[in-house]
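Here is final-v2.pdb, consisting of PDB, C-alpha atoms:
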ATOM      1  CA  MET A   1       0.000   0.000   0.000
ATOM      2  CA  THR A   2       2.824   2.396   0.929
ATOM      3  CA  ASN A   3       4.708   1.645  -2.300
ATOM      4  CA  ALA A   4       1.561   2.313  -4.323
ATOM      5  CA  LEU A   5       1.123   5.676  -2.563
ATOM      6  CA  LEU A   6       4.749   6.541  -3.250
ATOM      7  CA  THR A   7       4.303   5.755  -6.948
ATOM      8  CA  MET A   8       1.076   7.747  -7.102
ATOM      9  CA  TYR A   9       2.783  10.865  -5.735
ATOM     10  CA  SER A  10       5.680  10.440  -8.148
ATOM     11  CA  ASP A  11       3.377   9.970 -11.133
ATOM     12  CA  CYS A  12       1.572  13.187 -10.171
ATOM     13  CA  GLY A  13       4.849  15.109 -10.129
ATOM     14  CA  CYS A  14       5.041  15.359  -6.320
ATOM     15  CA  ILE A  15       8.479  13.844  -5.798
ATOM     16  CA  ASP A  16       8.984  15.437  -2.356
ATOM     17  CA  ASP A  17       5.756  13.818  -1.149
ATOM     18  CA  ALA A  18       6.982  10.494  -2.556
ATOM     19  CA  TRP A  19      10.187  10.938  -0.510
ATOM     20  CA  ARG A  20       8.107  11.659   2.592
ATOM     21  CA  VAL A  21       6.091   8.455   2.135
ATOM     22  CA  PHE A  22       9.270   6.423   1.598
ATOM     23  CA  ASN A  23      10.978   7.794   4.704
ATOM     24  CA  SER A  24       7.873   7.233   6.827
ATOM     25  CA  ASN A  25       7.826   3.535   5.956
ATOM     26  CA  ASP A  26       9.071   1.458   8.891
ATOM     27  CA  VAL A  27       9.494  -1.698   6.808
ATOM     28  CA  LEU A  28      11.520  -1.048   3.639
ATOM     29  CA  ASP A  29      12.016  -3.928   1.246
ATOM     30  CA  VAL A  30      13.598  -4.251  -2.190
ATOM     31  CA  ILE A  31      10.366  -3.154  -3.872
ATOM     32  CA  SER A  32      10.291   0.014  -1.744
ATOM     33  CA  TYR A  33      13.832   0.946  -2.764
ATOM     34  CA  ASN A  34      13.178   0.056  -6.400
ATOM     35  CA  SER A  35      10.096   2.289  -6.478
ATOM     36  CA  MET A  36      11.909   5.252  -4.963
ATOM     37  CA  ILE A  37      15.013   4.905  -7.144
ATOM     38  CA  LEU A  38      12.767   4.787 -10.214
ATOM     39  CA  ALA A  39      10.907   7.898  -9.074
ATOM     40  CA  LEU A  40      14.123   9.827  -8.443
ATOM     41  CA  GLY A  41      15.397   8.890 -11.884
ATOM     42  CA  GLN A  42      12.205  10.043 -13.594
ATOM     43  CA  HIS A  43      12.487  13.391 -11.814
ATOM     44  CA  ALA A  44      16.160  13.925 -12.787
ATOM     45  CA  ARG A  45      17.609  13.439  -9.299
ATOM     46  CA  PRO A  46      20.383  10.900 -10.015
ATOM     47  CA  LYS A  47      22.611  11.828  -7.054
ATOM     48  CA  GLU A  48      19.806  11.021  -4.641
ATOM     49  CA  ALA A  49      19.133   7.777  -6.534
ATOM     50  CA  VAL A  50      22.782   6.756  -6.110
ATOM     51  CA  GLU A  51      22.760   7.635  -2.405
ATOM     52  CA  LEU A  52      19.588   5.608  -1.939
ATOM     53  CA  PHE A  53      21.185   2.677  -3.783
ATOM     54  CA  LYS A  54      24.131   2.841  -1.337
ATOM     55  CA  ARG A  55      21.705   3.064   1.597
ATOM     56  CA  MET A  56      19.889   0.001   0.295
ATOM     57  CA  LYS A  57      23.074  -2.063   0.190
ATOM     58  CA  PHE A  58      24.155  -0.799   3.637
ATOM     59  CA  SER A  59      20.814  -1.968   5.058
ATOM     60  CA  GLY A  60      21.667  -5.522   3.987
ATOM     61  CA  LEU A  61      19.194  -5.749   1.103
ATOM     62  CA  ILE A  62      20.502  -7.237  -2.138
ATOM     63  CA  PRO A  63      19.776  -5.235  -5.318
ATOM     64  CA  ASP A  64      18.047  -7.175  -8.068
ATOM     65  CA  GLU A  65      17.765  -6.689 -11.840
ATOM     66  CA  VAL A  66      14.997  -4.109 -11.391
ATOM     67  CA  THR A  67      17.080  -2.056  -8.942
ATOM     68  CA  LEU A  68      19.938  -1.828 -11.413
ATOM     69  CA  LEU A  69      17.622  -1.114 -14.345
ATOM     70  CA  ASN A  70      16.091   1.787 -12.413
ATOM     71  CA  LEU A  71      19.529   3.130 -11.523
ATOM     72  CA  LEU A  72      20.604   2.835 -15.158
ATOM     73  CA  SER A  73      17.473   4.752 -16.099
ATOM     74  CA  ALA A  74      18.349   7.484 -13.587
ATOM     75  CA  PHE A  75      21.766   7.913 -15.200
ATOM     76  CA  ASN A  76      20.128   7.899 -18.624
ATOM     77  CA  HIS A  77      17.651  10.660 -17.746
ATOM     78  CA  ALA A  78      20.476  12.814 -16.393
ATOM     79  CA  GLY A  79      22.855  12.226 -19.301
ATOM     80  CA  LEU A  80      25.437  10.579 -17.027
ATOM     81  CA  ILE A  81      26.699   8.258 -19.730
ATOM     82  CA  HIS A  82      30.036   7.324 -18.140
ATOM     83  CA  GLU A  83      28.388   6.417 -14.832
ATOM     84  CA  GLY A  84      25.723   4.430 -16.675
ATOM     85  CA  LEU A  85      28.208   2.480 -18.772
ATOM     86  CA  HIS A  86      30.345   1.776 -15.697
ATOM     87  CA  LEU A  87      27.305   0.359 -13.894
ATOM     88  CA  PHE A  88      26.336  -1.714 -16.920
ATOM     89  CA  ASP A  89      29.841  -3.170 -17.240
ATOM     90  CA  SER A  90      29.973  -3.962 -13.505
ATOM     91  CA  MET A  91      26.682  -5.857 -13.748
ATOM     92  CA  LEU A  92      28.427  -8.466 -15.870
ATOM     93  CA  ASP A  93      30.385  -9.544 -12.792
ATOM     94  CA  MET A  94      27.563  -9.327 -10.231
ATOM     95  CA  GLU A  95      26.568 -12.690  -8.839
ATOM     96  CA  GLY A  96      22.909 -13.502  -9.364
ATOM     97  CA  ILE A  97      22.321 -10.636 -11.816
ATOM     98  CA  LYS A  98      21.190 -11.539 -15.313
ATOM     99  CA  LEU A  99      21.242  -8.846 -17.965
ATOM    100  CA  THR A 100      17.890  -8.537 -19.691
ATOM    101  CA  TYR A 101      16.706  -6.934 -22.903
ATOM    102  CA  GLN A 102      15.582  -3.892 -20.879
ATOM    103  CA  HIS A 103      19.109  -3.308 -19.536
ATOM    104  CA  TYR A 104      20.538  -3.318 -23.065
ATOM    105  CA  ALA A 105      17.724  -1.091 -24.327
ATOM    106  CA  CYS A 106      18.425   1.462 -21.588
ATOM    107  CA  VAL A 107      22.129   1.576 -22.452
ATOM    108  CA  ILE A 108      21.369   1.890 -26.173
ATOM    109  CA  ASP A 109      18.993   4.754 -25.421
ATOM    110  CA  MET A 110      21.708   6.349 -23.278
ATOM    111  CA  LEU A 111      24.297   6.094 -26.046
ATOM    112  CA  ALA A 112      21.964   7.313 -28.782
ATOM    113  CA  ARG A 113      20.619  10.311 -26.889
ATOM    114  CA  SER A 114      24.152  11.410 -25.970
ATOM    115  CA  GLY A 115      25.022  11.493 -29.675
ATOM    116  CA  GLU A 116      26.865   8.163 -29.813
ATOM    117  CA  ILE A 117      24.643   6.931 -32.651
ATOM    118  CA  GLU A 118      27.249   4.620 -34.174
ATOM    119  CA  GLU A 119      28.064   3.047 -30.801
ATOM    120  CA  SER A 120      24.381   2.526 -30.057
ATOM    121  CA  MET A 121      23.914   0.669 -33.350
ATOM    122  CA  LYS A 122      27.015  -1.419 -32.639
ATOM    123  CA  THR A 123      25.529  -2.397 -29.264
ATOM    124  CA  ILE A 124      22.264  -3.397 -30.955
ATOM    125  CA  LYS A 125      24.149  -5.714 -33.292
ATOM    126  CA  GLU A 126      26.254  -7.262 -30.517
ATOM    127  CA  MET A 127      23.602  -7.766 -27.818
ATOM    128  CA  PRO A 128      22.237 -11.308 -27.326
ATOM    129  CA  PHE A 129      18.682 -10.224 -28.195
ATOM    130  CA  GLU A 130      16.906  -9.260 -31.369
ATOM    131  CA  ALA A 131      16.102  -5.555 -31.380
ATOM    132  CA  GLU A 132      12.411  -4.688 -31.335
ATOM    133  CA  THR A 133      11.118  -1.926 -33.579
ATOM    134  CA  SER A 134      10.616   0.333 -30.556
ATOM    135  CA  LEU A 135      14.369   0.219 -29.891
ATOM    136  CA  TRP A 136      15.187   1.186 -33.468
ATOM    137  CA  ARG A 137      12.694   4.021 -33.058
ATOM    138  CA  ILE A 138      14.670   5.307 -30.056
ATOM    139  CA  VAL A 139      17.777   5.526 -32.228
ATOM    140  CA  LEU A 140      15.776   7.196 -34.994
ATOM    141  CA  GLY A 141      14.596   9.788 -32.480
ATOM    142  CA  ALA A 142      18.213  10.402 -31.472
ATOM    143  CA  CYS A 143      19.117  10.894 -35.133
ATOM    144  CA  SER A 144      16.478  13.621 -35.217
ATOM    145  CA  LYS A 145      17.922  15.284 -32.125
ATOM    146  CA  HIS A 146      21.499  15.180 -33.404
ATOM    147  CA  GLY A 147      20.765  15.846 -37.095
ATOM    148  CA  ASP A 148      22.159  12.525 -38.367
ATOM    149  CA  ILE A 149      20.026  12.314 -41.488
ATOM    150  CA  GLU A 150      22.000   9.583 -43.251
ATOM    151  CA  THR A 151      21.628   7.085 -40.400
ATOM    152  CA  GLY A 152      18.079   8.283 -39.822
ATOM    153  CA  ILE A 153      17.055   7.539 -43.393
ATOM    154  CA  LYS A 154      18.529   4.024 -43.208
ATOM    155  CA  ILE A 155      16.676   3.240 -39.972
ATOM    156  CA  ALA A 156      13.440   4.826 -41.214
ATOM    157  CA  GLU A 157      13.480   2.814 -44.450
ATOM    158  CA  MET A 158      13.955  -0.376 -42.442
ATOM    159  CA  LEU A 159      11.079   0.567 -40.142
ATOM    160  CA  PHE A 160       8.858   1.448 -43.118
ATOM    161  CA  GLU A 161       9.231  -2.169 -44.248
ATOM    162  CA  MET A 162       8.717  -3.640 -40.782
ATOM    163  CA  GLU A 163       5.867  -1.314 -39.729
ATOM    164  CA  PRO A 164       4.500   0.397 -42.840
ATOM    165  CA  TYR A 165       1.547   1.929 -40.964
ATOM    166  CA  GLU A 166       3.272   3.138 -37.777
ATOM    167  CA  PRO A 167       2.985   6.958 -37.911
ATOM    168  CA  THR A 168       5.837   7.654 -35.469
ATOM    169  CA  ASN A 169       8.410   6.317 -37.950
ATOM    170  CA  TYR A 170       7.349   8.858 -40.565
ATOM    171  CA  ILE A 171       7.045  11.702 -38.079
ATOM    172  CA  LEU A 172      10.560  11.158 -36.732
ATOM    173  CA  LEU A 173      12.063  11.127 -40.224
ATOM    174  CA  GLY A 174      10.083  14.217 -41.162
ATOM    175  CA  ASN A 175      11.365  15.904 -38.010
ATOM    176  CA  ILE A 176      14.984  15.212 -38.995
ATOM    177  CA  CYS A 177      14.413  16.872 -42.366
ATOM    178  CA  ALA A 178      12.590  19.831 -40.815
ATOM    179  CA  ARG A 179      15.267  20.363 -38.144
ATOM    180  CA  LEU A 180      17.871  20.594 -40.903
ATOM    181  CA  GLY A 181      15.723  22.938 -42.987
ATOM    182  CA  ARG A 182      15.224  20.342 -45.713
ATOM    183  CA  TRP A 183      11.579  21.195 -46.191
ATOM    184  CA  THR A 184      11.206  19.479 -49.567
ATOM    185  CA  GLU A 185      12.182  16.127 -48.046
ATOM    186  CA  ALA A 186       9.961  16.787 -45.031
ATOM    187  CA  GLU A 187       6.987  17.407 -47.325
ATOM    188  CA  LYS A 188       7.741  14.201 -49.222
ATOM    189  CA  VAL A 189       7.500  12.256 -45.953
ATOM    190  CA  ARG A 190       4.178  13.941 -45.158
ATOM    191  CA  SER A 191       2.922  13.149 -48.671
ATOM    192  CA  LEU A 192       3.920   9.499 -48.243
ATOM    193  CA  MET A 193       1.898   9.358 -45.017
ATOM    194  CA  GLU A 194      -1.133  10.819 -46.778
ATOM    195  CA  LYS A 195      -0.735   8.435 -49.712
ATOM    196  CA  ARG A 196      -0.727   5.456 -47.352
ATOM    197  CA  GLY A 197      -3.621   6.847 -45.310
ATOM    198  CA  ILE A 198      -1.575   7.217 -42.133
ATOM    199  CA  ASP A 199      -2.611   9.742 -39.506
ATOM    200  CA  GLY A 200      -0.209  10.881 -36.820
ATOM    201  CA  ASP A 201      -1.140  10.778 -33.151
ATOM    202  CA  ASP A 202      -2.814  13.990 -32.039
ATOM    203  CA  ALA A 203      -0.888  15.871 -29.368
ATOM    204  CA  PHE A 204      -2.775  17.065 -26.326
ATOM    205  CA  SER A 205      -1.958  18.419 -22.874
ATOM    206  CA  TRP A 206      -4.050  18.645 -19.754
ATOM    207  CA  ILE A 207      -4.022  20.356 -16.379
ATOM    208  CA  GLU A 208      -6.188  19.751 -13.318
ATOM    209  CA  MET A 209      -7.791  22.654 -11.483
ATOM    210  CA  GLY A 210      -9.807  21.638  -8.449
ATOM    211  CA  GLN A 211     -11.828  18.596  -9.466
ATOM    212  CA  THR A 212     -11.791  19.411 -13.183
ATOM    213  CA  THR A 213      -9.366  18.320 -15.887
ATOM    214  CA  HIS A 214      -8.846  20.848 -18.681
ATOM    215  CA  ARG A 215      -7.539  19.346 -21.921
ATOM    216  CA  PHE A 216      -6.035  21.214 -24.867
ATOM    217  CA  GLY A 217      -5.076  20.231 -28.394
ATOM    218  CA  VAL A 218      -2.950  22.186 -30.859
ATOM    219  CA  ASP A 219      -4.691  25.447 -31.890
ATOM    220  CA  ASP A 220      -7.563  24.365 -29.643
ATOM    221  CA  ARG A 221     -10.325  26.952 -29.191
ATOM    222  CA  SER A 222     -12.924  24.709 -27.590
ATOM    223  CA  HIS A 223     -12.398  25.850 -23.994
ATOM    224  CA  PRO A 224     -15.164  28.087 -22.548
ATOM    225  CA  ILE A 225     -12.639  30.870 -21.846
ATOM    226  CA  SER A 226     -10.615  30.290 -25.006
ATOM    227  CA  GLU A 227     -10.407  34.007 -25.874
ATOM    228  CA  GLU A 228      -8.896  34.858 -22.486
ATOM    229  CA  ILE A 229      -6.447  31.954 -22.756
ATOM    230  CA  TYR A 230      -5.227  33.094 -26.173
ATOM    231  CA  ARG A 231      -4.883  36.691 -25.016
ATOM    232  CA  ASN A 232      -2.892  35.571 -21.996
ATOM    233  CA  LEU A 233      -0.660  33.355 -24.120
ATOM    234  CA  ASP A 234       0.017  36.206 -26.545
ATOM    235  CA  ARG A 235       0.925  38.394 -23.559
ATOM    236  CA  LEU A 236       3.192  35.683 -22.143
ATOM    237  CA  ILE A 237       4.933  35.164 -25.490
ATOM    238  CA  GLY A 238       5.604  38.893 -25.640
ATOM    239  CA  SER A 239       7.054  38.830 -22.130
ATOM    240  CA  ILE A 240       9.355  35.877 -22.735
ATOM    241  CA  LYS A 241      10.558  37.314 -26.057
ATOM    242  CA  ALA A 242      11.546  40.449 -24.167
ATOM    243  CA  ALA A 243      13.422  38.171 -21.729
ATOM    244  CA  GLY A 244      15.383  36.503 -24.527
ATOM    245  CA  TYR A 245      13.184  33.699 -25.869
ATOM    246  CA  VAL A 246      13.596  33.072 -29.600
ATOM    247  CA  PRO A 247      11.124  30.656 -31.245
ATOM    248  CA  ASP A 248      12.915  27.641 -32.694
ATOM    249  CA  THR A 249      11.205  27.257 -36.067
ATOM    250  CA  SER A 250      13.106  24.044 -36.774
ATOM    251  CA  PHE A 251      10.397  22.388 -34.673
ATOM    252  CA  ALA A 252       7.683  23.545 -37.069
ATOM    253  CA  THR A 253       6.390  20.789 -39.309
ATOM    254  CA  HIS A 254       5.369  22.755 -42.410
ATOM    255  CA  SER A 255       7.520  24.401 -45.057
ATOM    256  CA  THR A 256       5.734  27.730 -44.839
ATOM    257  CA  GLU A 257       7.363  31.154 -44.547
ATOM    258  CA  LYS A 258       9.368  31.794 -41.384
ATOM    259  CA  ASP A 259       6.641  33.969 -39.834
ATOM    260  CA  ARG A 260       4.030  31.290 -40.490
ATOM    261  CA  ARG A 261       6.277  28.610 -39.004
ATOM    262  CA  GLU A 262       6.713  30.742 -35.884
ATOM    263  CA  GLU A 263       2.948  31.216 -35.663
ATOM    264  CA  SER A 264       2.391  27.456 -35.964
ATOM    265  CA  LEU A 265       4.526  26.951 -32.830
ATOM    266  CA  ARG A 266       2.755  29.567 -30.736
ATOM    267  CA  TYR A 267      -0.435  27.629 -30.014
ATOM    268  CA  HIS A 268       0.977  24.208 -29.210
ATOM    269  CA  CYS A 269      -1.081  22.339 -26.634
ATOM    270  CA  GLU A 270       1.437  22.605 -23.786
ATOM    271  CA  LYS A 271       1.636  26.387 -24.209
ATOM    272  CA  LEU A 272      -2.172  26.654 -24.127
ATOM    273  CA  ALA A 273      -2.303  24.506 -20.981
ATOM    274  CA  PHE A 274       0.199  26.777 -19.253
ATOM    275  CA  ALA A 275      -1.615  29.941 -20.345
ATOM    276  CA  PHE A 276      -4.825  28.556 -18.863
ATOM    277  CA  GLY A 277      -3.119  27.499 -15.628
ATOM    278  CA  ASP A 278      -1.532  30.919 -15.313
ATOM    279  CA  LEU A 279      -4.977  32.496 -15.620
ATOM    280  CA  ALA A 280      -6.793  30.092 -13.326
ATOM    281  CA  SER A 281      -4.420  29.843 -10.359
ATOM    282  CA  PRO A 282      -2.989  32.360  -7.880
ATOM    283  CA  SER A 283       0.309  33.986  -8.778
ATOM    284  CA  GLY A 284       3.276  31.896  -7.663
ATOM    285  CA  ASP A 285       1.407  28.582  -7.463
ATOM    286  CA  THR A 286       3.121  25.517  -8.916
ATOM    287  CA  LEU A 287       1.505  24.278 -12.133
ATOM    288  CA  ARG A 288       1.472  20.567 -12.999
ATOM    289  CA  ILE A 289       0.839  19.804 -16.654
ATOM    290  CA  MET A 290       0.762  16.508 -18.557
ATOM    291  CA  LYS A 291       1.300  15.742 -22.247
ATOM    292  CA  ASN A 292       0.599  12.515 -24.131
ATOM    293  CA  LEU A 293       3.647  12.854 -26.419
ATOM    294  CA  ARG A 294       7.198  14.074 -25.893
ATOM    295  CA  VAL A 295       7.418  17.806 -25.264
ATOM    296  CA  CYS A 296       8.286  19.930 -28.296
ATOM    297  CA  GLY A 297      11.771  21.442 -28.153
ATOM    298  CA  ASP A 298      10.457  24.954 -28.718
ATOM    299  CA  CYS A 299       7.872  24.505 -25.961
ATOM    300  CA  HIS A 300      10.602  23.237 -23.636
ATOM    301  CA  SER A 301      12.493  26.471 -24.242
ATOM    302  CA  ALA A 302       9.320  28.548 -23.772
ATOM    303  CA  TYR A 303       8.557  26.812 -20.465
ATOM    304  CA  LYS A 304      11.954  27.801 -19.087
ATOM    305  CA  TYR A 305      11.154  31.418 -19.875
ATOM    306  CA  PHE A 306       7.583  31.063 -18.555
ATOM    307  CA  SER A 307       9.043  29.990 -15.198
ATOM    308  CA  LEU A 308      11.401  32.964 -15.297
ATOM    309  CA  VAL A 309       8.903  35.729 -16.085
ATOM    310  CA  THR A 310       6.060  34.391 -13.902
ATOM    311  CA  GLY A 311       8.111  33.160 -10.941
ATOM    312  CA  ARG A 312       6.214  29.877 -11.033
ATOM    313  CA  LYS A 313       7.491  26.356 -10.621
ATOM    314  CA  ILE A 314       6.199  24.193 -13.470
ATOM    315  CA  VAL A 315       6.158  20.400 -13.455
ATOM    316  CA  LEU A 316       5.630  18.984 -16.932
ATOM    317  CA  ARG A 317       5.247  15.273 -17.494
ATOM    318  CA  ASP A 318       5.437  14.033 -21.078
ATOM    319  CA  ASN A 319       5.401  10.430 -22.273
ATOM    320  CA  HIS A 320       9.051   9.995 -21.388
ATOM    321  CA  ARG A 321       9.923  11.831 -18.164
ATOM    322  CA  PHE A 322       9.269  14.713 -15.784
ATOM    323  CA  HIS A 323      10.606  18.223 -16.325
ATOM    324  CA  HIS A 324      10.800  20.617 -13.351
ATOM    325  CA  PHE A 325      11.088  24.231 -14.508
ATOM    326  CA  TYR A 326      12.052  27.059 -12.183
ATOM    327  CA  ASN A 327      13.727  30.441 -12.552
ATOM    328  CA  GLY A 328      14.553  29.880 -16.218
ATOM    329  CA  ALA A 329      16.053  26.402 -15.943
ATOM    330  CA  CYS A 330      14.888  22.792 -16.230
ATOM    331  CA  SER A 331      15.819  19.824 -14.074
ATOM    332  CA  CYS A 332      16.779  17.866 -17.201
ATOM    333  CA  VAL A 333      19.559  20.414 -17.895
ATOM    334  CA  ASP A 334      18.319  20.370 -21.506
ATOM    335  CA  TYR A 335      19.203  16.675 -21.787
ATOM    336  CA  TRP A 336      16.042  14.977 -23.009
TER     337      TRP A 336
END

Spell out the structure here as structure tokens.
Amino acid sequence: MTNALLTMYSDCGCIDDAWRVFNSNDVLDVISYNSMILALGQHARPKEAVELFKRMKFSGLIPDEVTLLNLLSAFNHAGLIHEGLHLFDSMLDMEGIKLTYQHYACVIDMLARSGEIEESMKTIKEMPFEAETSLWRIVLGACSKHGDIETGIKIAEMLFEMEPYEPTNYILLGNICARLGRWTEAEKVRSLMEKRGIDGDDAFSWIEMGQTTHRFGVDDRSHPISEEIYRNLDRLIGSIKAAGYVPDTSFATHSTEKDRREESLRYHCEKLAFAFGDLASPSGDTLRIMKNLRVCGDCHSAYKYFSLVTGRKIVLRDNHRFHHFYNGACSCVDYW
């Protein structure tokens, strides 16, 4: 019951409350430590995860495969590649520990997201498991982040054959082209999706106020106070531009003029959710916002500035991790 409460607090973005529940537990077992180490990793607190791992061993409990996977994940979220690889290598000599597919996948993700694309692909080829399409998609996403279009195209073409109707494969390749300003290629990918009748997943964000959940899509004007939300967002964008924010139009998905690309970024769902929360809650309150997909890079930058100009703490959970924004910085240290 206590472990479930701990996980609930963590999933809601309340990591300090999760810590409180953990420390109030008189009977800590391996599952308790595993749950807390996982939570700390998801909230970009790797040093605390390592200290807790040491505390676990000092208490006489023996870490299992899940413990080490969660610690690997904590290093991965924080971009601590050397620490993660050292842990992975040491696991080979740990008695009773059997490396699983998930351990290899975490290390491959770690390598790819740090820019070691070639090394990540080498690890895929050498591991004693057959790579699932989701793992190749992780590397494709890293190619988008690091602008490796040649490797990205090779992986995308392979995925098109394996999963011809999976929209994420096309979106990731299109994103690589758009990030590099190769709009013609990006449009070709979009045209291929349309030709095959493939629709991408709709992005949406939501925020709870009282007992009500308020959900927003991109360019969404369905909310009862939509006009006020849009006015507030326009005001906020003006404020953060004055503070130094520059829209990153490489995250736009259409090959329109620069001004139009900038406009297409302005009303992303996570920005609308923040603008509503800023209107609906007292000044200085922490806002907790969720998104069903990974946060857009431009929105990530905007959120840092939102936290700066409003003085708010913002906790954003996307489909990959938690981001804690405060005073113009993010807990992920821009490693995501």

* So, counting all atoms listed in the file, which residue among A:Ile37, A:Ser24, A:Pro282, A:Ser10 is closest to Arg55 of chain A? ->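 Smallest separation from Arg55 of chain A among the options: A:Ile37.
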
* Explicit residue set for the PyMOL selection byres ((chain A and resi 171) around 10), as a list in words ->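 Listing what the PyMOL selection byres ((chain A and resi 171) around 10) selects in the shown file: Gly141, Ala156, Glu166, Pro167, Thr168, Asn169, Tyr170, Leu172, Leu173, Gly174, Asn175, Ile176, Cys177, Ala186, Val189, Arg190, Met193, Asp199, Gly200, Asp201 and Thr253 of chain A.
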
Please write the residues from the selection above to a file, keeping C-alpha atoms, as a PDB file, keeping the file's coordinate frame.
ATOM      1  CA  GLY A 141      14.596   9.788 -32.480  1.00  0.00           C
ATOM      2  CA  ALA A 156      13.440   4.826 -41.214  1.00  0.00           C
ATOM      3  CA  GLU A 166       3.272   3.138 -37.777  1.00  0.00           C
ATOM      4  CA  PRO A 167       2.985   6.958 -37.911  1.00  0.00           C
ATOM      5  CA  THR A 168       5.837   7.654 -35.469  1.00  0.00           C
ATOM      6  CA  ASN A 169       8.410   6.317 -37.950  1.00  0.00           C
ATOM      7  CA  TYR A 170       7.349   8.858 -40.565  1.00  0.00           C
ATOM      8  CA  LEU A 172      10.560  11.158 -36.732  1.00  0.00           C
ATOM      9  CA  LEU A 173      12.063  11.127 -40.224  1.00  0.00           C
ATOM     10  CA  GLY A 174      10.083  14.217 -41.162  1.00  0.00           C
ATOM     11  CA  ASN A 175      11.365  15.904 -38.010  1.00  0.00           C
ATOM     12  CA  ILE A 176      14.984  15.212 -38.995  1.00  0.00           C
ATOM     13  CA  CYS A 177      14.413  16.872 -42.366  1.00  0.00           C
ATOM     14  CA  ALA A 186       9.961  16.787 -45.031  1.00  0.00           C
ATOM     15  CA  VAL A 189       7.500  12.256 -45.953  1.00  0.00           C
ATOM     16  CA  ARG A 190       4.178  13.941 -45.158  1.00  0.00           C
ATOM     17  CA  MET A 193       1.898   9.358 -45.017  1.00  0.00           C
ATOM     18  CA  ASP A 199      -2.611   9.742 -39.506  1.00  0.00           C
ATOM     19  CA  GLY A 200      -0.209  10.881 -36.820  1.00  0.00           C
ATOM     20  CA  ASP A 201      -1.140  10.778 -33.151  1.00  0.00           C
ATOM     21  CA  THR A 253       6.390  20.789 -39.309  1.00  0.00           C
TER      22      THR A 253
END

* To do: Tell me, as JSON, numbers by chain, which residues lie within 10 Å of Asn319 of chain A, counting all atoms listed in the file; anything in the same chain fewer than 4 positions away does not count.
  => {"A": [290, 291, 292, 293, 294, 295]}

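When only C-alpha atoms are used to measure the gap to Leu80 of chain A, the shortest distance among A:Met110, A:Leu159, A:Leu236, A:Leu52 belongs to A:Met110.
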
* Would you kindly translate the PyMOL selection byres ((chain A and resi 221-226) around 12) into the concrete residues it picks from this file, as a VMD selection string? => chain A and resid 206 213 to 220 227 to 233 267 to 269 272 to 273 275 to 277 279 to 280

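Closest approach to Gly13 of chain A among A:Val66, A:Met91, A:Ala39, A:Ile31 is made by A:Ala39 (distances from only C-alpha atoms).
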
* To do: Have a look at atom CA of Ala131 of chain A and atom CA of Arg196 of chain A and let me know their distance in Å, one decimal.
  =>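 Between atom CA of Ala131 of chain A and atom CA of Arg196 of chain A the gap works out to 25.7 Å.
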
* To do: Let me know the residues the PyMOL selection byres ((chain A and resi 48) around 12) catches in the file above, as a list of chain:residue names.
  =>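 Applied to this file, the PyMOL selection byres ((chain A and resi 48) around 12) returns A:Ile15, A:Asp16, A:Trp19, A:Tyr33, A:Met36, A:Ile37, A:Leu38, A:Ala39, A:Leu40, A:Gly41, A:Gln42, A:His43, A:Ala44, A:Arg45, A:Pro46, A:Lys47, A:Ala49, A:Val50, A:Glu51, A:Leu52, A:Phe53, A:Lys54, A:Arg55, A:Leu71, A:Ala74, A:Phe75, A:Ala78.
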
* Proximity to His77 of chain A - best of A:Glu118, A:Glu270, A:Asp109, A:Glu208, only C-alpha atoms -> A:Asp109

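In this structure, atom CA of Phe251 of chain A sits 7.2 Å away from atom CA of Cys296 of chain A.
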
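Atom CA of Leu192 of chain A sits 15.9 Å away from atom CA of Met162 of chain A.
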
* **Test item: residues at most 7 Å from Val315 of chain A, all atoms listed in the file, excluding those fewer than 2 positions along its chain, as a ChimeraX atom specification** => /A:13,287-289,313,317,322-325

Step by step, gather every atom of segment 90-108 of chain A that the file lists, find the box along x, y and z that holds them, add 6 Å on each side, and finally give centre and edge lengths in Å to one decimal, as AutoDock Vina command-line options.
--center_x 23.0 --center_y -5.8 --center_z -17.5 --size_x 26.8 --size_y 27.4 --size_z 29.3

* All residues 10 Å or closer to Pro128 of chain A, all atoms listed in the file, same chain fewer than 3 positions away omitted, as a PyMOL selection string -> chain A and resi 99-101+104+123-125+131

* **Selected residue of minimal separation from Gly79 of chain A among A:Asp334, A:Glu130, A:Asp148, A:Asp318, counting all atoms listed in the file** => A:Asp334

* To do: Can you work out which one of A:Asp278, A:Arg321, A:Met121, A:Cys12 has the shortest atom-to-atom distance to Asn76 of chain A, counting only C-alpha atoms?
  =>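 Under the stated criterion, the closest residue is A:Arg321.
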